[in-house]
Structures are given as structure tokens and as C-alpha cells.
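Encoded as C-alpha cells, the structure appears first; notes follow it.
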Amino acid sequence: MIYNWLKNNLFGQVSKPCFLCLAKTHNKHLLCSGCENDLPRNTGHCVICAIPFPSTPFLSDQALQHALVCGNCQKNQPHFTTSLIPFIYATPVKQLIANLKFHGNLGYAPLLAHGFIGSVKRSKNKLPECIIPVPLHKKRLQERGFNQALELARIITKQLQIPLEVSLCERNKITPFQSGLSAKQRKQNMKGAFSVARQHNYKHIAIFDDVVTTGTTVNELAKELKQSGVKTIEVWAIARTQNKNN
């Protein structure tokens with residue numbers, strides 16, 4: 001009890017350097033208010049895949065936020081219903097995710113999760129029945145030592161009090177890294193990559209990943225979940241790339 005009091009009262013008053021600018025901050029997520037306000041927000045975007053729309057002088061940010069669907073989603077309806085991705089994959093979010101994902105700096109996970117949780121709380125959408133982090137293949141998990149999507153999802157599910165589902169879906173094959181592949185190559189790369197391991201009664205779920213690029217990975221997983229009986233599938237992620245071909 002004494003430790004909890006110290007943690008909540010005394011320790012919280014000790015200033016620490018901001019992760020980005022090194023200015024002193026009392027923010028427990030270690031990002032000063034200035035840097036937090038400067039993060040690249042994904043405001044005007046497709047309501048299905050969350051790809052950012054290019055800025056235009058003819059439409060306000062508020063107008064862009066209202067029920068607009070990109071051309072690709074109109075032509076090729078994804079297996080998921082909508083996406084909640086609050087940030088654009090650009091500096092400094094890109095560097096924060098890279099440090100977490102490729103350098104094992106798990107201290108960045110609470111910071112990134114905090115920004116996402118704020119977006120969920122501002123959303124008026126009904127919360128899903130569970131969150132499913134995109135699974136890694138066992139060999140890839142052994143190489144990396146952790147699944148960054150799972151580490152982020154742990155924090156998010158705890159804060160939002162949503163069940164975390166880690167055993168429902170499996171990754172069936174090791175796929176080459178997606179970076180550097182075209183959209184067509186990514187689609188072929190991910191074909192048959194996932195399966196639903198058991199029966200369930202979920203009707204509304206959220207797939208969680210750290211970054212969405214073309215949406216091929218989450219769409220392949222969504223396809224399997226849809227075939228297993230899920231009606232509403234959301235894609236949740238920290239960041240979205242600005243171009244589906246990148």
C-alpha cells in the first residue's frame with residue numbers, strides 16, 4: 001500500500017525527460033504536451049481503410065472526416081467494416097514504432113497505446129467484444145522475442161476493459177517481410193497466412209496491428225474471421241501509411 005501511494009503521489013511529481021525533445025515533463029507517458037500536440041494525426045481519411053486523403057483547399061478537415069470512402073475501397077470492398085487509426089506513419093511516430101518493433105524498446109508501447117486509447121474514447125462507435133492482435137508465426141516470434149501488436153494490445157485492452165483474444169487465430173506460414181513489396185506481391189504473400197483455430201460466438205471484433213500499409217495483412221485475417229461467423233470487423237492500429245503502394 002505504501003508503494004502504491006508513493007507511485008501515485010510522490011513518483012508522479014518527479015519530472016522526467018520527454019522521449020522526443022528531452023524537455024522535462026510530469027506526463028507518465030513521457031511525452032511533453034508540445035510533442036504530443038505535434039504528432040501527425042490522421043484526420044481526413046477513408047472511413048473503411050483509414051488511408052489519409054490528400055489535403056485540398058476545397059474541403060475542410062471536418063468535411064473530410066464525414067463518411068468518405070476511398071476509390072480502392074469502393075472498387076474492392078475489404079472484409080473489414082471500418083478502421084480506427086489515429087496517426088500517420090511519419091516522423092516521429094514512425095521512429096517510435098521502429099524502436100519498439102525492431103529494437104525491442106518496449107518502453108515505447110505505453111506511449112503509443114496512450115495516443116490510441118484517447119482516440120477510442122473520443123469515438124462514438126460501440127466497442128468490440130474482443131481485440132485480436134495480428135499473430136506472428138512461431139518462428140518469427142522466437143526470432144523477435146515478442147509480438148509488438150500483442151504488447152500494445154495488452155495495454156489497450158486493460159485500459160478499455162475489453163477481452164484480449166490471443167488463441168483464436170493462428171499464423172500458418174512464415175511470410176517474407178512486407179516492406180518493399182508491391183500491393184500485388186503483398187496480397188500473394190499473405191494468401192492463406194491465417195486460420196481461425198476454434199469455434200467461437202463473436203459477432204463484433206477488432207483486429208489490432210501496429211502499422212497498416214496496404215491493408216493486405218489485416219484484410220486476409222478479416223476474411224478468415226468473417227468466414228467463421230464474425231459480422232462486424234474493425235481494424236485498429238497505431239499508424240497508417242499515406243500511400244497504399246508504400
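Residue numbering restarts at 1 for every chain of the C-alpha cells, chains are lettered A, B, ... in their displayed order, and ligands are numbered from 1 as they appear.
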Please identify the strand (DSSP E or B) residues within region 25-127 of chain A (assignment by DSSP from backbone atoms) and present them as a ChimeraX atom specification.
/A:25,41,45,52,82-84,87-88
Select from region 87-128 of chain A everything DSSP, run on the backbone, classes as alpha helix (DSSP H), then give the selection as a list in words.
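Going through region 87-128 of chain A, the alpha helix (DSSP H) residues come out as Val93, Lys94, Gln95, Leu96, Ile97, Ala98, Asn99, Leu100, Lys101, Phe102, His103, Tyr108, Ala109, Pro110, Leu111, Leu112, Ala113, His114, Gly115, Phe116, Ile117, Gly118, Ser119, Val120, Lys121 and Arg122 of chain A.
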Write out, as a tab-separated table (two decimals), in the first residue's frame, the residues just selected, with N, CA and C atoms.
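Ended up saving to result.tsv:
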```tsv
chain	number	residue	atom	x	y	z
A	93	VAL	N	6.25	9.38	-35.15
A	93	VAL	CA	5.56	8.12	-34.85
A	93	VAL	C	6.28	6.94	-35.51
A	94	LYS	N	6.77	7.15	-36.71
A	94	LYS	CA	7.49	6.10	-37.45
A	94	LYS	C	8.70	5.63	-36.65
A	95	GLN	N	9.46	6.56	-36.09
A	95	GLN	CA	10.65	6.21	-35.32
A	95	GLN	C	10.28	5.51	-34.00
A	96	LEU	N	9.20	5.96	-33.38
A	96	LEU	CA	8.76	5.34	-32.12
A	96	LEU	C	8.37	3.88	-32.35
A	97	ILE	N	7.63	3.62	-33.42
A	97	ILE	CA	7.21	2.25	-33.73
A	97	ILE	C	8.42	1.39	-34.11
A	98	ALA	N	9.35	1.95	-34.87
A	98	ALA	CA	10.55	1.20	-35.26
A	98	ALA	C	11.37	0.82	-34.05
A	99	ASN	N	11.50	1.73	-33.09
A	99	ASN	CA	12.26	1.44	-31.88
A	99	ASN	C	11.60	0.33	-31.06
A	100	LEU	N	10.29	0.32	-31.05
A	100	LEU	CA	9.56	-0.74	-30.37
A	100	LEU	C	9.70	-2.06	-31.11
A	101	LYS	N	9.44	-2.03	-32.41
A	101	LYS	CA	9.31	-3.25	-33.20
A	101	LYS	C	10.65	-3.92	-33.50
A	102	PHE	N	11.64	-3.14	-33.87
A	102	PHE	CA	12.90	-3.72	-34.35
A	102	PHE	C	14.04	-3.66	-33.34
A	103	HIS	N	13.89	-2.82	-32.32
A	103	HIS	CA	14.96	-2.68	-31.33
A	103	HIS	C	14.54	-3.12	-29.93
A	108	TYR	N	8.35	2.14	-25.27
A	108	TYR	CA	7.58	2.98	-26.17
A	108	TYR	C	6.13	2.53	-26.28
A	109	ALA	N	5.84	1.29	-25.88
A	109	ALA	CA	4.49	0.75	-26.03
A	109	ALA	C	3.44	1.55	-25.26
A	110	PRO	N	3.65	1.90	-23.97
A	110	PRO	CA	2.63	2.69	-23.26
A	110	PRO	C	2.39	4.05	-23.90
A	111	LEU	N	3.44	4.67	-24.43
A	111	LEU	CA	3.31	5.98	-25.07
A	111	LEU	C	2.42	5.87	-26.30
A	112	LEU	N	2.69	4.89	-27.17
A	112	LEU	CA	1.90	4.71	-28.39
A	112	LEU	C	0.48	4.28	-28.06
A	113	ALA	N	0.33	3.39	-27.08
A	113	ALA	CA	-1.01	2.93	-26.70
A	113	ALA	C	-1.85	4.06	-26.13
A	114	HIS	N	-1.21	4.96	-25.39
A	114	HIS	CA	-1.92	6.10	-24.80
A	114	HIS	C	-2.57	6.96	-25.87
A	115	GLY	N	-1.84	7.23	-26.95
A	115	GLY	CA	-2.40	8.03	-28.04
A	115	GLY	C	-3.57	7.34	-28.71
A	116	PHE	N	-3.48	6.03	-28.84
A	116	PHE	CA	-4.57	5.28	-29.45
A	116	PHE	C	-5.81	5.26	-28.56
A	117	ILE	N	-5.61	5.02	-27.27
A	117	ILE	CA	-6.74	4.94	-26.33
A	117	ILE	C	-7.54	6.24	-26.32
A	118	GLY	N	-6.84	7.36	-26.42
A	118	GLY	CA	-7.55	8.65	-26.47
A	118	GLY	C	-8.49	8.73	-27.65
A	119	SER	N	-8.08	8.19	-28.79
A	119	SER	CA	-8.93	8.20	-29.99
A	119	SER	C	-10.14	7.30	-29.82
A	120	VAL	N	-9.97	6.15	-29.17
A	120	VAL	CA	-11.09	5.25	-28.92
A	120	VAL	C	-12.12	5.93	-28.03
A	121	LYS	N	-11.66	6.61	-27.01
A	121	LYS	CA	-12.57	7.26	-26.07
A	121	LYS	C	-13.34	8.42	-26.73
A	122	ARG	N	-12.72	9.03	-27.75
A	122	ARG	CA	-13.41	10.12	-28.46
A	122	ARG	C	-14.38	9.59	-29.51
```
How many Å separate CA of Ser195 (chain A) from CA of Cys169 (chain A)?
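CA of Cys169 (chain A) lies at a distance of 5.7 Å from CA of Ser195 (chain A).
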CA of Leu68 (chain A) to CA of Phe53 (chain A): how many Å, to one decimal?
9.4 Å
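Relative to CA of Val235 (chain A), CA of Cys35 (chain A) is found at 26.1 Å.
All residues of protein, DNA or RNA that reach within 8 Å of region 198-207 of chain A, judged by only C-alpha atoms and not counting those fewer than 2 positions away in the chain, are Pro128, Glu129, Cys130, Ile131, Ile132, Pro133, Val134, Leu168, Val196, Asp209, Val218, Ala222, Ser228, Gly229, Val230, Lys231, Thr232, Ile233, Glu234, Val235 and Trp236 of chain A.
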Create the file for the chosen residues now, containing N, CA and C atoms and written as a PDB file, in the first residue's frame.
```
ATOM      1  N   PRO A 128     -15.870  -3.213 -29.504  1.00  0.00           N
ATOM      2  CA  PRO A 128     -15.969  -4.618 -29.928  1.00  0.00           C
ATOM      3  C   PRO A 128     -16.011  -5.562 -28.733  1.00  0.00           C
ATOM      4  N   GLU A 129     -16.383  -6.814 -29.021  1.00  0.00           N
ATOM      5  CA  GLU A 129     -16.446  -7.834 -27.967  1.00  0.00           C
ATOM      6  C   GLU A 129     -15.058  -8.279 -27.530  1.00  0.00           C
ATOM      7  N   CYS A 130     -14.086  -8.182 -28.417  1.00  0.00           N
ATOM      8  CA  CYS A 130     -12.722  -8.552 -28.080  1.00  0.00           C
ATOM      9  C   CYS A 130     -11.757  -7.909 -29.071  1.00  0.00           C
ATOM     10  N   ILE A 131     -10.474  -7.918 -28.727  1.00  0.00           N
ATOM     11  CA  ILE A 131      -9.421  -7.432 -29.614  1.00  0.00           C
ATOM     12  C   ILE A 131      -8.501  -8.607 -29.945  1.00  0.00           C
ATOM     13  N   ILE A 132      -8.215  -8.767 -31.235  1.00  0.00           N
ATOM     14  CA  ILE A 132      -7.335  -9.838 -31.697  1.00  0.00           C
ATOM     15  C   ILE A 132      -6.077  -9.220 -32.298  1.00  0.00           C
ATOM     16  N   PRO A 133      -4.945  -9.287 -31.619  1.00  0.00           N
ATOM     17  CA  PRO A 133      -3.699  -8.793 -32.221  1.00  0.00           C
ATOM     18  C   PRO A 133      -3.284  -9.688 -33.378  1.00  0.00           C
ATOM     19  N   VAL A 134      -2.783  -9.090 -34.446  1.00  0.00           N
ATOM     20  CA  VAL A 134      -2.336  -9.875 -35.596  1.00  0.00           C
ATOM     21  C   VAL A 134      -1.239 -10.832 -35.127  1.00  0.00           C
ATOM     22  N   LEU A 168      -7.439 -17.420 -30.646  1.00  0.00           N
ATOM     23  CA  LEU A 168      -8.459 -17.708 -31.652  1.00  0.00           C
ATOM     24  C   LEU A 168      -7.870 -17.861 -33.049  1.00  0.00           C
ATOM     25  N   VAL A 196      -8.572 -19.583 -38.405  1.00  0.00           N
ATOM     26  CA  VAL A 196      -9.274 -19.498 -37.122  1.00  0.00           C
ATOM     27  C   VAL A 196      -9.180 -20.866 -36.467  1.00  0.00           C
ATOM     28  N   ASP A 209      -3.122  -4.073 -35.055  1.00  0.00           N
ATOM     29  CA  ASP A 209      -1.747  -4.141 -35.549  1.00  0.00           C
ATOM     30  C   ASP A 209      -1.059  -2.819 -35.260  1.00  0.00           C
ATOM     31  N   VAL A 218      -4.275  -7.302 -42.593  1.00  0.00           N
ATOM     32  CA  VAL A 218      -5.496  -7.271 -41.783  1.00  0.00           C
ATOM     33  C   VAL A 218      -6.699  -7.757 -42.589  1.00  0.00           C
ATOM     34  N   ALA A 222      -9.131 -10.698 -41.611  1.00  0.00           N
ATOM     35  CA  ALA A 222     -10.562 -10.383 -41.541  1.00  0.00           C
ATOM     36  C   ALA A 222     -11.386 -11.367 -42.366  1.00  0.00           C
ATOM     37  N   SER A 228     -15.747 -17.348 -40.367  1.00  0.00           N
ATOM     38  CA  SER A 228     -16.030 -18.089 -39.134  1.00  0.00           C
ATOM     39  C   SER A 228     -17.274 -17.577 -38.414  1.00  0.00           C
ATOM     40  N   GLY A 229     -17.912 -16.533 -38.973  1.00  0.00           N
ATOM     41  CA  GLY A 229     -19.165 -16.055 -38.401  1.00  0.00           C
ATOM     42  C   GLY A 229     -19.173 -14.656 -37.837  1.00  0.00           C
ATOM     43  N   VAL A 230     -18.031 -13.970 -37.829  1.00  0.00           N
ATOM     44  CA  VAL A 230     -17.992 -12.600 -37.311  1.00  0.00           C
ATOM     45  C   VAL A 230     -18.693 -11.670 -38.303  1.00  0.00           C
ATOM     46  N   LYS A 231     -19.573 -10.813 -37.815  1.00  0.00           N
ATOM     47  CA  LYS A 231     -20.342  -9.917 -38.674  1.00  0.00           C
ATOM     48  C   LYS A 231     -19.683  -8.554 -38.852  1.00  0.00           C
ATOM     49  N   THR A 232     -19.175  -7.999 -37.773  1.00  0.00           N
ATOM     50  CA  THR A 232     -18.568  -6.669 -37.805  1.00  0.00           C
ATOM     51  C   THR A 232     -17.107  -6.764 -37.405  1.00  0.00           C
ATOM     52  N   ILE A 233     -16.222  -6.353 -38.308  1.00  0.00           N
ATOM     53  CA  ILE A 233     -14.779  -6.425 -38.059  1.00  0.00           C
ATOM     54  C   ILE A 233     -14.175  -5.042 -38.236  1.00  0.00           C
ATOM     55  N   GLU A 234     -13.559  -4.525 -37.193  1.00  0.00           N
ATOM     56  CA  GLU A 234     -12.854  -3.250 -37.252  1.00  0.00           C
ATOM     57  C   GLU A 234     -11.351  -3.499 -37.300  1.00  0.00           C
ATOM     58  N   VAL A 235     -10.652  -2.584 -37.923  1.00  0.00           N
ATOM     59  CA  VAL A 235      -9.191  -2.625 -37.898  1.00  0.00           C
ATOM     60  C   VAL A 235      -8.714  -1.499 -36.990  1.00  0.00           C
ATOM     61  N   TRP A 236      -7.994  -1.859 -35.968  1.00  0.00           N
ATOM     62  CA  TRP A 236      -7.395  -0.885 -35.054  1.00  0.00           C
ATOM     63  C   TRP A 236      -5.887  -0.938 -35.231  1.00  0.00           C
TER      64      TRP A 236
END
```
So that I can check the surroundings of Phe19 (chain A), please list as a PDB file with C-alpha atoms, in the first residue's frame every protein, DNA and RNA residue that reaches within 9 Å of it, counting only C-alpha atoms and ignoring chain neighbours fewer than 4 positions away.
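The resulting file, result28.pdb, is shown below:
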```
ATOM      1  CA  ALA A  23      12.277  18.635 -22.071  1.00  0.00           C
ATOM      2  CA  LEU A  30       6.908  10.533 -21.080  1.00  0.00           C
ATOM      3  CA  LEU A  31       5.823  12.792 -23.911  1.00  0.00           C
ATOM      4  CA  CYS A  32       5.537  16.508 -23.224  1.00  0.00           C
ATOM      5  CA  TYR A 108       7.579   2.985 -26.171  1.00  0.00           C
TER       6      TYR A 108
END
```
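Nearest-residue note for Ile238 (chain A): choosing from A:Gly71, A:Thr43, A:Leu22, A:Leu84, the minimum distance belongs to A:Leu84, counting only C-alpha atoms.
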Selected residue of minimal separation from Ala197 (chain A) among A:Val166, A:Lys24, A:Thr217, A:Lys173, counting only C-alpha atoms
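Selected residue with least distance to Ala197 (chain A): A:Val166.
Minimum distance to Leu221 (chain A) across A:Pro86, A:Pro163, A:Pro135, A:Gly145 (counting only C-alpha atoms) occurs at A:Pro135.
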